[in-house]
Structures are given as structure tokens and as C-alpha cells.
Amino acid sequence: MHGINMQHLRLLLKDVWYLTRPYFVSEDRKWAWGLLVAVLVLTFSIVGMDLLQSFSRNVYYTALQQRDATTFLRGLFWYVHNESGYVPGFFIITIPAILFSVYATYLQQMLGLRWRRWLTARMTRQWMEHQTYFRIAITTSGLEAGADNPDQRIQEDLNSFVTDTLTQFINLLSNIVTLFSYVGLLWVLSGPLEIWGMSIPGYFFWAALIYSVVATWVTHLAGHRLAGLQFFQQRAEADFRYSLVHVRNNAEGIALYRGEAEEQAGLDRSFASVYGNFLSIMRRTKWLGLLTTGLDVVSGNFALLIGSIRYFAGKMSFGTLMQLVMAFSRVQGALGWLSNSYAALTTWHAEVARLATFQRVMDRAQAMKSEVSLIAAPAGAGMQVSGLDVFRPDGTALLRDVNLTLAPGQMTVVTGPSGTGKSTLFRVLAGIWPFAKGTITRPDVPMMFVPQRPYMPTGTLRRAVAYPAGSEAYSATQVAQALQQVGLGALVPRIENEEPWGQILSPGELQRLAFARIVLARPGWVFLDESTSNLDAASEAALYALLAQACPGMTVVSITHRQSVVGMHENAIDLTPFAVGTTDGISADASP
């Protein structure tokens, strides 16, 4: 058990270093280190002031015992000079201590805010660069615990990680400083204890040490499973939230199928995991709370009990006894920090593990290197694919030895049975599918790849039509004209409206909108993947004719199963010969 715990600790510290180091060596490192040092200086100063206050308490508690009102008041509000020297009054120390405490919290929050801003920018940038988000989605690594629901990892776990890491780190150092500050005081003030003919020096210290070790051990036995439960709880909550969002995003399909009962059953199953796991957390937390609360209540009285031995023997004053009780409390709290913070530490452990897993998945996704050699050709050249092998994410072959030529300035259709790999080939040509090897010679011109269901960003209709360019890339007149050309003129008065256009527009209207994007962007090459599948034959013909009219000289490459679309193209390529299980080594040229 000890070996496993130490292994877990090493993994935890490795993950914390992996996530923390980049910020503290980043371009924001001066602010990071400056704020951290300031927080630590203020925190350690608060510990020192607390130690000074213990001497003030000694003075006014002893004055109370002796009914000395003058010394009592001076011990509270001014200072007292005794055999120990000058002792500042309690409130003389308290006022700056309060200010230090407030600013320590403020600067810690400032550090956390800047750290979160930097980490969020870094993670979102890495998530979006090189289609990392897509690579995670298509690989099994995206299903790893902690790498699912990336939105939660970036928004929720990242925020919790920053806040809790700073809190735990500062608490740890504060407790270490507290321990060393009070151990000597506890040792000196407690004096020796004579028992059974033996003299035990600094007996108060040994009592605090034994008490803390026992408390930590008992708390660990009660709470060690909380880390795993907390880890799973976050995943269960995220899965339940995703199920709800999935229903919202697919409302029409569910309604048409009358699938409410099955969806409700799925939601019930998803929430059952949330409920059952949280019930386990409650039970563990209940026993842990009973132990920690009980130990906190007992510790003060335990200190009074063992301190009373020398007090009733007349070997210490009441003020010294109360100072000892306070010192015992501080030492015991520092030694027992682990047991007192067990629940918070398990939550933090789960946060670190999830975020580190997500970061490593992104690192691996970005490190995926396609073995496709890309060769740039002049703008007016065609596209040549040579010896291309395409694989599924699990490594099984999908296409073998693909050799084909796409002629520039012409319309070419790519055909083949469903599952042949036509859409995956387009992804390889687009450079987003890393599971391939071979050679592609492609002209250095803007290209646009249009999927069967166009993506719709949030915001105005104008932004949706201009995508992937910004909404200001084209004038309102240009956007309106493009909508008119593709048969969506009725939407022109609403181009500045922010509405959920992905749900408002029908599948056919979405495909028309995708053609409006092409007309606006006028790429040199456009690849259409079943991009008119939700339109009638007449609408298909009109949109393809629009491309030829509005974008003369543009190369159009289409995937389709519909003969009406095939007949609109000058050239045809059948991928069937390259599919795994068919004859290999056959070349194909885009020819009439």
C-alpha cells in the first residue's frame, strides 16, 4: 500500500509539474514570479504576526488571571514590557495582519486569473491548431478518461486546477513555516513532564506529533477512495450534460422518430451514474467528516488536558497555558494538514489527472505525422496523387496504391460504393487525415472542401455566409447577392440577425448556403462531398451551373451517388479498384 501511494504521489507531482512549468517560463513569467513571491511574503508575514499574537495573548490572559486591568488593556491595545522584552499589543498586530491577509488573497486571485488566461489561450490555440480537435475526435485516445468532453476540460477543470493548485501550494508552505515557527515555542514553553520516574522534555510537542500522525492515518483509511470517486463524478456529470445537449441539437430527428421514450431512458441511465457515484462520495465524505470534525473538536480539549498537568502543579501561568494550547493547535494543524485537507486534495488530484490527460492527448494528436509528401505545383497545374495508401484510425487499410490525376479548370466526379473511402480521400487531400502515406502534388491555390452537412457558426446569418472568413470580409450587398443567387433571397432581410441558424435552416437550405460561400470566396479548387444530396435534381443543376457562371475557371471535384450529378461533370474517377480487397495497382486519370 505504501509503495502504491508513493507511486501515485510521484505521478501527481509529475502531472503538476507538466501543467505548471510552461506558465512560469512563459512570456508572462515576470508577473507570475512577482505575484507568487508577493503572496508568499505576505503569507509568511501573517504566520509571523500570528506568532507575535501568541505572546500578546499570554500577557493579557495572565493579566486576567491576576486581575491586572492596566496590563490587560496595554496587552490588548498598546504594548507591555516584561522579562521577555517588548510585547506588542494584540490589536497593534491584528490591524496589519488583516491588511496582509486581504492583499495576500487579492494577489493570489490576480495570479490565478493571469495564469488561467494564459493557460486558456494556450490550450484553445493548441486544440484548434493543426485540426487537433478533429484528430482527437477520430482517434480512440479521445475516449480516454480526462480527454472526453474537451469543453469541460478547458473551461471547468482548467479554472479549478489553477485555483486549487495555488491554494494547496500556498497552504503547504504556510503550514511548513507555521510548523517550524511554533515547534520551538511549544518545546520551550511546555517544559519537561515527569512521569513514572522519567523526564519527557518538550512533552507538548510529542503529544502534538503523535496526535497528528494518528489523525492522518485514520483519515487516510476513511478517505483514500475519494480521489477515484471524484474523478469519475466529473466524467459522469460531463456525459450527462453531453446527453442533454445531444437531445437539443437533434430535436427534429428525435421528434420525427417519436424517440422520446428511448431518449428518456438514455438520460435516466446517464443520470443514474451521476446519482450512484455521488451517493458513494456522500457516504465516504460522511465518515471522513465525522472523523475530521471529531478530531478538530477533541484537539483543543486534548491540549488543555495535557497542559493542565503542569498548570495545576503551579509550574506555569494561565497565560502560558493558553499560549501553549494555541501553539499546540498550530503545530497539530500544520502536522495534520494532510488529514484536514483530505477531501480538497482528492478533488484537486482528480482535476490534475483529468487536465494532464487531456493535455497529453492534445500533444499526441499534434505529434501525429502524416507520411504523405506534399509537393507544391504552379497555380495552373492539376493535382497528382501517387502511391497513396489510406488507413482507418485503428491502422487497417481503406485504400491502397491510389494513383489518379485531377485536371485543372474542369469538373470531375469521384464515384464508388458506400464505404469505399471517397470522403476519407477528400480528408487526405484537405490535409486533415493523418492516417495515410504517399505523394500528392497539388497546385498552390486557395481550396475549399464542402461536407454534406455544412458547418454553421454561432452569430449572425452574415457571419455564417462569410465563413470561414470574418463577417466583415464581404459587404452586406455582396452577402445578399450571394444568397439571391443560390435561392435564399427570402433570408436577405435577416442577415444581421443572431439566431440558431443551424437549427432554423433545413438541410437543403444549409446546402444552398454552402454554395453561397463558394460564390463569395471564389476558391481556385472546390471539393463537394455529397453537397447537393438534400436538393432536387433541378436545384442541383442550377447550383452547378451557378458555379460555372459565377466562378469561371474554377476546378470542381465532387463525390456523389446520384447519376444526375455525375452527368454534369466532364470527367469521372471510380475508386473501387483502389479499395482494399480489389485489384491493386490500377491507375486512374480524370478523363471523359
# chains A, B, ... in the order shown; residues from 1 in each chain; ligands from 1

$ residues_around --residues "stretch 534-541 of chain A" --least-positions-apart "5" --cutoff "12 Å" --atoms "only C-alpha atoms" --output "number ranges by chain"
A: 452-454, 485-488, 506-512, 515, 546-548, 560, 562-569

$ write_last_selection --atoms "C-alpha atoms" --output "mmCIF file, in the first residue's frame"
data_model
loop_
_atom_site.group_PDB
_atom_site.id
_atom_site.type_symbol
_atom_site.label_atom_id
_atom_site.label_comp_id
_atom_site.auth_asym_id
_atom_site.auth_seq_id
_atom_site.Cartn_x
_atom_site.Cartn_y
_atom_site.Cartn_z
ATOM 1 C CA GLN A 452 -22.504 17.034 -46.848
ATOM 2 C CA ARG A 453 -23.849 18.990 -43.861
ATOM 3 C CA PRO A 454 -22.204 22.425 -43.811
ATOM 4 C CA GLN A 485 -28.024 33.616 -56.446
ATOM 5 C CA VAL A 486 -28.437 30.348 -54.524
ATOM 6 C CA GLY A 487 -32.186 30.748 -53.989
ATOM 7 C CA LEU A 488 -32.158 32.067 -50.421
ATOM 8 C CA SER A 506 -33.488 22.985 -43.469
ATOM 9 C CA PRO A 507 -30.793 20.573 -44.727
ATOM 10 C CA GLY A 508 -31.446 21.752 -48.287
ATOM 11 C CA GLU A 509 -31.180 25.419 -47.295
ATOM 12 C CA LEU A 510 -27.908 24.704 -45.488
ATOM 13 C CA GLN A 511 -26.509 23.160 -48.655
ATOM 14 C CA ARG A 512 -27.625 26.191 -50.678
ATOM 15 C CA PHE A 515 -22.772 27.310 -52.353
ATOM 16 C CA LEU A 546 -24.049 28.863 -60.986
ATOM 17 C CA LEU A 547 -20.514 27.700 -60.152
ATOM 18 C CA ALA A 548 -19.603 27.592 -63.843
ATOM 19 C CA THR A 560 -21.892 11.659 -55.385
ATOM 20 C CA ARG A 562 -26.625 10.332 -57.978
ATOM 21 C CA GLN A 563 -26.441 9.856 -61.721
ATOM 22 C CA SER A 564 -27.987 13.278 -62.301
ATOM 23 C CA VAL A 565 -24.900 14.869 -60.726
ATOM 24 C CA VAL A 566 -22.463 12.511 -62.455
ATOM 25 C CA GLY A 567 -23.786 13.652 -65.824
ATOM 26 C CA MET A 568 -22.926 17.285 -65.045
ATOM 27 C CA HIS A 569 -19.189 16.543 -64.853
#

$ select_by_dssp --residues "stretch 342-458 of chain A" --states "helix (DSSP H, G or I)" --output "PyMOL selection string"
chain A and resi 342-367+422-430

$ write_last_selection --atoms "C-alpha atoms" --output "PDB file, in the first residue's frame"
ATOM      1  CA  TYR A 342      -8.005  15.234   2.507  1.00  0.00           C
ATOM      2  CA  ALA A 343     -11.323  15.877   0.714  1.00  0.00           C
ATOM      3  CA  ALA A 344      -9.986  19.020  -1.013  1.00  0.00           C
ATOM      4  CA  LEU A 345      -6.779  17.220  -2.002  1.00  0.00           C
ATOM      5  CA  THR A 346      -8.671  14.310  -3.561  1.00  0.00           C
ATOM      6  CA  THR A 347     -10.731  16.740  -5.642  1.00  0.00           C
ATOM      7  CA  TRP A 348      -7.566  18.550  -6.702  1.00  0.00           C
ATOM      8  CA  HIS A 349      -5.892  15.225  -7.549  1.00  0.00           C
ATOM      9  CA  ALA A 350      -8.792  14.361  -9.869  1.00  0.00           C
ATOM     10  CA  GLU A 351      -8.613  17.785 -11.535  1.00  0.00           C
ATOM     11  CA  VAL A 352      -4.876  17.459 -12.149  1.00  0.00           C
ATOM     12  CA  ALA A 353      -5.247  13.956 -13.582  1.00  0.00           C
ATOM     13  CA  ARG A 354      -8.039  14.935 -15.986  1.00  0.00           C
ATOM     14  CA  LEU A 355      -6.322  18.083 -17.226  1.00  0.00           C
ATOM     15  CA  ALA A 356      -2.932  16.373 -17.616  1.00  0.00           C
ATOM     16  CA  THR A 357      -4.549  13.526 -19.552  1.00  0.00           C
ATOM     17  CA  PHE A 358      -6.271  15.999 -21.874  1.00  0.00           C
ATOM     18  CA  GLN A 359      -3.023  17.931 -22.402  1.00  0.00           C
ATOM     19  CA  ARG A 360      -1.135  14.728 -23.244  1.00  0.00           C
ATOM     20  CA  VAL A 361      -3.854  13.651 -25.688  1.00  0.00           C
ATOM     21  CA  MET A 362      -3.528  17.005 -27.441  1.00  0.00           C
ATOM     22  CA  ASP A 363       0.257  16.646 -27.506  1.00  0.00           C
ATOM     23  CA  ARG A 364      -0.056  13.197 -29.073  1.00  0.00           C
ATOM     24  CA  ALA A 365      -2.662  14.382 -31.576  1.00  0.00           C
ATOM     25  CA  GLN A 366      -0.418  17.230 -32.691  1.00  0.00           C
ATOM     26  CA  ALA A 367       2.537  14.856 -32.916  1.00  0.00           C
ATOM     27  CA  LYS A 422     -14.321   8.643 -51.019  1.00  0.00           C
ATOM     28  CA  SER A 423     -14.898  11.083 -48.130  1.00  0.00           C
ATOM     29  CA  THR A 424     -11.736   9.904 -46.394  1.00  0.00           C
ATOM     30  CA  LEU A 425      -9.756  10.531 -49.587  1.00  0.00           C
ATOM     31  CA  PHE A 426     -11.075  14.096 -49.587  1.00  0.00           C
ATOM     32  CA  ARG A 427      -9.873  14.474 -45.996  1.00  0.00           C
ATOM     33  CA  VAL A 428      -6.420  13.312 -47.061  1.00  0.00           C
ATOM     34  CA  LEU A 429      -6.406  15.832 -49.918  1.00  0.00           C
ATOM     35  CA  ALA A 430      -7.502  18.519 -47.435  1.00  0.00           C
TER      36      ALA A 430
END

$ closest_residue --among "A:Met447, A:Val247, A:Leu335, A:Val479" --to "A:Ile210" --atoms "only C-alpha atoms"
A:Leu335

$ residues_around --residues "A:Gln332" --least-positions-apart "6" --cutoff "9 Å" --atoms "only C-alpha atoms" --output "PyMOL selection string"
chain A and resi 179+205+208-209+211-212+299

$ write_last_selection --atoms "C-alpha atoms" --output "JSON list (two decimals), in the first residue's frame"
[["chain", "number", "residue", "atom", "x", "y", "z"],
["A", 179, "LEU", "CA", 5.32, 24.20, 12.00],
["A", 205, "PHE", "CA", 5.45, 18.69, 21.04],
["A", 208, "ALA", "CA", 1.02, 17.04, 19.06],
["A", 209, "LEU", "CA", 3.15, 14.81, 16.81],
["A", 211, "TYR", "CA", -1.95, 13.06, 17.76],
["A", 212, "SER", "CA", -1.36, 14.29, 14.17],
["A", 299, "SER", "CA", -7.74, 18.52, 19.74]]

$ atom_distance --atom1 "atom CA of A:Val59" --atom2 "atom CA of A:Tyr311"
16.0 Å

$ residues_around --residues "A:Trp525" --least-positions-apart "3" --cutoff "7 Å" --atoms "only C-alpha atoms" --output "JSON, numbers by chain"
{"A": [446, 447, 448, 554, 555, 556]}

$ atom_distance --atom1 "atom CA of A:Thr396" --atom2 "atom CA of A:Phe449"
25.0 Å

$ residues_around --residues "A:Leu520" --least-positions-apart "4" --cutoff "9 Å" --atoms "only C-alpha atoms" --output "PyMOL selection string"
chain A and resi 465-466+474+478-479+482+515-516

$ select_by_dssp --residues "stretch 44-197 of chain A" --states "strand (DSSP E)" --output "list in words"
Tyr79, Val80, His81, Asn82, Gly85, Tyr86, Val87, Pro88, Leu193, Glu194 and Ile195 of chain A

$ write_last_selection --atoms "C-alpha atoms" --output "PDB file, in the first residue's frame"
ATOM      1  CA  TYR A  79       2.486  47.127  24.345  1.00  0.00           C
ATOM      2  CA  VAL A  80       3.892  45.538  27.502  1.00  0.00           C
ATOM      3  CA  HIS A  81       7.487  45.376  28.655  1.00  0.00           C
ATOM      4  CA  ASN A  82       8.250  42.278  30.730  1.00  0.00           C
ATOM      5  CA  GLY A  85      11.174  42.169  26.309  1.00  0.00           C
ATOM      6  CA  TYR A  86       8.671  44.384  24.484  1.00  0.00           C
ATOM      7  CA  VAL A  87       5.451  42.592  23.543  1.00  0.00           C
ATOM      8  CA  PRO A  88       3.208  44.480  21.048  1.00  0.00           C
ATOM      9  CA  LEU A 193       6.961  16.208  32.138  1.00  0.00           C
ATOM     10  CA  GLU A 194       7.868  13.863  34.983  1.00  0.00           C
ATOM     11  CA  ILE A 195       6.046  10.553  34.691  1.00  0.00           C
TER      12      ILE A 195
END

$ atom_distance --atom1 "atom CA of A:Pro443" --atom2 "atom CA of A:Pro378"
5.3 Å

$ residues_around --residues "stretch 39-55 of chain A" --least-positions-apart "2" --cutoff "8 Å" --atoms "only C-alpha atoms" --output "VMD selection string"
chain A and resid 35 to 37 57 to 59 87 to 90 93 to 94 97 100 to 101 103 to 105 107 to 108 170 174 177 to 178 181 to 182 323 326 to 327
